[in-house]
Amino acid sequence: MRGVILRETGKPVEVTDELAVRPPGPGEVRVRLRAAGVCHSDLSMCEGRLPARLPLVPGHEGAGVVVELGPGVSGPPVGTHVILSWIPPCGSCALCLGGRPNLCVSVRPPSSTVTVAGEPAHAGLGVGCFAEETVVDARAAIPIPDDVPFDVAAVVGCAVLTGVGAVINTAEVRPGSSVLVIGCGGVGINVIQGARLAAAAPVLAVDQVPEKLEAARAFGATHVATPDELGDAVRELTGGLGFDYAFEVVGRPATIRQAWQATRRGGTTVVVGAGSRDDLVTFNAAELFATERRLTGCLYGSGDVRTDFGRLLRLWRAGRLDLEGLISRRITLDEVGEAFTAMGSGDVIRSLVMF
């Protein structure tokens, strides 16, 4: 089959016809991809900022159709339309039963599902969406209605759940709260959409790329600023007190500190950006103690894919969530490398590989 392969960290990805996927084993299903989003985390794995095993088939934001069930698997049945989840919940561990299925580590990615020219390769985040087919744990294939377009379904699988979920699940933003969003890429735009859903006001979007700030306004930001203008914006919009909630969607120490400093006493700073383990952020004991600011991470929007995918799609049907507008380009596998390059330009919110 055809797909994208990364052979060496820091090198360009390649498109090859020499990929093959094995039949699904017990507890697994084979899915034929119909659409896959190009996420910045894929680029970070290719660049080495996030860990990845090589050779790698990137891609973790996808939707498709179940075409084969492994032995003993009763569902989802063949023909079911699904969104793929890169953190499938087991449903029975303490974290799942305690309402934190996004932190479940009980479901291990299937091993040795794909080969390139007969040699073992690895599926990105256990999913490997930049290929025509993939084999995943059956719990990673979340059924959706057949009338949902695959491109719309794909973006729900990562960017939308992560961004909107950061607001409604992780931070539980209350109506009328002030919100700051630093970083207006694909996930940051969805944090802004989440803030609009939560009836937050004001909502300040911060980015260094003017085109991204224009997009932020279109998706619900009430105000925009460059990083150099953030201090003035804090004084203007909050009287210098700081924001009730600040969301960092870059994953860099400098922007995490920036978000923290712009959060009011007793407010909440949420780190949504996927940072490297080598990126250290320093806090002194006095500021942690004296300000009572809360600092929290956000993995996969603190969501439950079994219910949140459906909830987000219902919001889309009701016109409360813009999913089509997130898709800037529909591309082929051959254009994935170009899509990585376009991420920093501000012209693209999401590139979608269409199979």
# chains A, B, ... in the order shown; residues from 1 in each chain; ligands from 1
>>> select_by_dssp(residues="segment 192-319 of chain A", states="strand (DSSP E or B)", output="mmCIF file with N, CA and C atoms, in the first residue's frame")
data_model
loop_
_atom_site.group_PDB
_atom_site.id
_atom_site.type_symbol
_atom_site.label_atom_id
_atom_site.label_comp_id
_atom_site.auth_asym_id
_atom_site.auth_seq_id
_atom_site.Cartn_x
_atom_site.Cartn_y
_atom_site.Cartn_z
ATOM 1 N N VAL A 203 -11.785 37.263 25.169
ATOM 2 C CA VAL A 203 -10.906 36.177 24.725
ATOM 3 C C VAL A 203 -9.788 36.804 23.903
ATOM 4 N N LEU A 204 -8.580 36.789 24.454
ATOM 5 C CA LEU A 204 -7.425 37.382 23.785
ATOM 6 C C LEU A 204 -6.588 36.291 23.137
ATOM 7 N N ALA A 205 -6.331 36.420 21.832
ATOM 8 C CA ALA A 205 -5.472 35.494 21.095
ATOM 9 C C ALA A 205 -4.120 36.156 20.850
ATOM 10 N N VAL A 206 -3.048 35.406 21.120
ATOM 11 C CA VAL A 206 -1.686 35.929 20.950
ATOM 12 C C VAL A 206 -0.912 35.032 20.005
ATOM 13 N N HIS A 223 -10.244 39.815 21.011
ATOM 14 C CA HIS A 223 -9.098 40.697 20.899
ATOM 15 C C HIS A 223 -7.893 39.864 20.447
ATOM 16 N N VAL A 224 -6.933 40.523 19.796
ATOM 17 C CA VAL A 224 -5.710 39.840 19.360
ATOM 18 C C VAL A 224 -4.510 40.716 19.688
ATOM 19 N N ALA A 225 -3.356 40.067 19.802
ATOM 20 C CA ALA A 225 -2.124 40.798 20.108
ATOM 21 C C ALA A 225 -0.926 39.966 19.684
ATOM 22 N N PHE A 243 -5.522 37.307 33.521
ATOM 23 C CA PHE A 243 -6.671 36.576 33.010
ATOM 24 C C PHE A 243 -7.093 35.467 33.970
ATOM 25 N N ASP A 244 -8.389 35.166 33.948
ATOM 26 C CA ASP A 244 -8.896 34.061 34.764
ATOM 27 C C ASP A 244 -8.286 32.734 34.320
ATOM 28 N N TYR A 245 -8.173 32.567 32.997
ATOM 29 C CA TYR A 245 -7.610 31.337 32.428
ATOM 30 C C TYR A 245 -6.641 31.712 31.308
ATOM 31 N N ALA A 246 -5.470 31.101 31.323
ATOM 32 C CA ALA A 246 -4.495 31.298 30.253
ATOM 33 C C ALA A 246 -4.108 29.939 29.690
ATOM 34 N N PHE A 247 -4.225 29.792 28.376
ATOM 35 C CA PHE A 247 -3.927 28.532 27.705
ATOM 36 C C PHE A 247 -2.668 28.706 26.853
ATOM 37 N N GLU A 248 -1.661 27.889 27.135
ATOM 38 C CA GLU A 248 -0.419 27.899 26.355
ATOM 39 C C GLU A 248 -0.498 26.753 25.357
ATOM 40 N N THR A 263 -1.620 35.233 34.054
ATOM 41 C CA THR A 263 -2.754 34.663 34.785
ATOM 42 C C THR A 263 -2.927 35.410 36.107
ATOM 43 N N ARG A 264 -4.153 35.724 36.455
ATOM 44 C CA ARG A 264 -4.398 36.468 37.698
ATOM 45 C C ARG A 264 -4.103 35.615 38.924
ATOM 46 N N ARG A 265 -3.998 36.239 40.065
ATOM 47 C CA ARG A 265 -3.901 35.517 41.331
ATOM 48 C C ARG A 265 -5.128 34.631 41.477
ATOM 49 N N GLY A 266 -4.909 33.361 41.779
ATOM 50 C CA GLY A 266 -6.016 32.433 41.909
ATOM 51 C C GLY A 266 -6.560 31.910 40.593
ATOM 52 N N GLY A 267 -5.963 32.333 39.492
ATOM 53 C CA GLY A 267 -6.407 31.869 38.182
ATOM 54 C C GLY A 267 -5.753 30.556 37.792
ATOM 55 N N THR A 268 -6.004 30.141 36.545
ATOM 56 C CA THR A 268 -5.544 28.836 36.072
ATOM 57 C C THR A 268 -4.766 28.970 34.777
ATOM 58 N N THR A 269 -3.568 28.386 34.750
ATOM 59 C CA THR A 269 -2.750 28.303 33.544
ATOM 60 C C THR A 269 -2.780 26.869 33.056
ATOM 61 N N VAL A 270 -3.152 26.670 31.792
ATOM 62 C CA VAL A 270 -3.275 25.335 31.220
ATOM 63 C C VAL A 270 -2.250 25.171 30.104
ATOM 64 N N VAL A 271 -1.382 24.172 30.244
ATOM 65 C CA VAL A 271 -0.367 23.888 29.223
ATOM 66 C C VAL A 271 -0.927 22.840 28.270
ATOM 67 N N ARG A 294 -3.176 28.127 39.654
ATOM 68 C CA ARG A 294 -3.135 26.702 39.373
ATOM 69 C C ARG A 294 -2.461 26.480 38.023
ATOM 70 N N LEU A 295 -1.508 25.562 37.987
ATOM 71 C CA LEU A 295 -0.812 25.195 36.756
ATOM 72 C C LEU A 295 -1.148 23.752 36.451
ATOM 73 N N THR A 296 -1.743 23.496 35.282
ATOM 74 C CA THR A 296 -2.146 22.141 34.951
ATOM 75 C C THR A 296 -1.810 21.813 33.509
ATOM 76 N N GLY A 297 -1.493 20.556 33.274
ATOM 77 C CA GLY A 297 -1.322 20.081 31.918
ATOM 78 C C GLY A 297 -2.656 19.677 31.327
#
>>> select_by_dssp(residues="segment 160-260 of chain A", states="helix (DSSP H, G or I)", output="PyMOL selection string")
chain A and resi 160-171+186-197+210-218+227-238+253-260
>>> atom_distance(atom1="atom CA of Cys90 of chain A", atom2="atom CA of Thr307 of chain A")
14.0 Å
>>> residues_around(residues="Arg317 of chain A", least_positions_apart="2", cutoff="12 Å", atoms="only C-alpha atoms", output="compact mmCIF listing (two decimals) with N, CA and C atoms, in the first residue's frame")
# COMPACT_ATOMS: atom_id res chain seq x y z
N PRO A 145 -21.62 8.38 13.00
CA PRO A 145 -22.67 8.22 12.00
C PRO A 145 -22.11 8.25 10.57
N ASP A 147 -23.21 9.63 7.98
CA ASP A 147 -23.39 10.85 7.20
C ASP A 147 -22.40 11.96 7.58
N VAL A 148 -21.50 11.69 8.52
CA VAL A 148 -20.48 12.67 8.88
C VAL A 148 -19.35 12.60 7.85
N PRO A 149 -19.03 13.70 7.16
CA PRO A 149 -17.93 13.68 6.19
C PRO A 149 -16.62 13.27 6.85
N VAL A 152 -14.32 16.19 8.10
CA VAL A 152 -14.81 16.76 9.35
C VAL A 152 -14.50 15.82 10.52
N ALA A 153 -14.73 14.53 10.31
CA ALA A 153 -14.48 13.55 11.37
C ALA A 153 -13.01 13.51 11.76
N GLY A 310 -18.72 12.19 19.87
CA GLY A 310 -20.12 12.39 19.55
C GLY A 310 -20.64 13.75 19.98
N ARG A 311 -20.21 14.20 21.16
CA ARG A 311 -20.65 15.50 21.66
C ARG A 311 -20.18 16.62 20.74
N LEU A 312 -18.93 16.55 20.29
CA LEU A 312 -18.39 17.57 19.39
C LEU A 312 -19.11 17.56 18.05
N LEU A 313 -19.43 16.39 17.55
CA LEU A 313 -20.15 16.31 16.29
C LEU A 313 -21.58 16.85 16.42
N ARG A 314 -22.21 16.68 17.58
CA ARG A 314 -23.53 17.26 17.79
C ARG A 314 -23.46 18.79 17.80
N LEU A 315 -22.41 19.33 18.39
CA LEU A 315 -22.22 20.78 18.38
C LEU A 315 -22.01 21.29 16.96
N GLY A 319 -24.42 23.90 14.49
CA GLY A 319 -23.83 25.16 14.06
C GLY A 319 -23.08 25.89 15.15
N ARG A 320 -22.78 25.21 16.25
CA ARG A 320 -22.06 25.83 17.37
C ARG A 320 -20.56 25.66 17.26
N LEU A 321 -20.11 24.78 16.39
CA LEU A 321 -18.69 24.47 16.25
C LEU A 321 -18.36 24.41 14.76
N ASP A 322 -17.40 25.23 14.34
CA ASP A 322 -17.02 25.28 12.92
C ASP A 322 -15.90 24.28 12.66
N LEU A 323 -16.22 23.19 12.00
CA LEU A 323 -15.21 22.19 11.66
C LEU A 323 -14.75 22.32 10.22
N GLU A 324 -15.66 22.62 9.30
CA GLU A 324 -15.25 22.79 7.90
C GLU A 324 -14.26 23.94 7.75
>>> closest_residue(among="A:Ala198, A:Val57, A:Ala35, A:Cys184", to="Gly157 of chain A", atoms="only C-alpha atoms")
A:Ala35
>>> closest_residue(among="A:Pro89, A:Gly231, A:Gly242, A:Gly37", to="Ala138 of chain A", atoms="only C-alpha atoms")
A:Pro89
>>> closest_residue(among="A:Leu333, A:Ala274, A:Val114, A:Leu213", to="Val250 of chain A", atoms="only C-alpha atoms")
A:Ala274
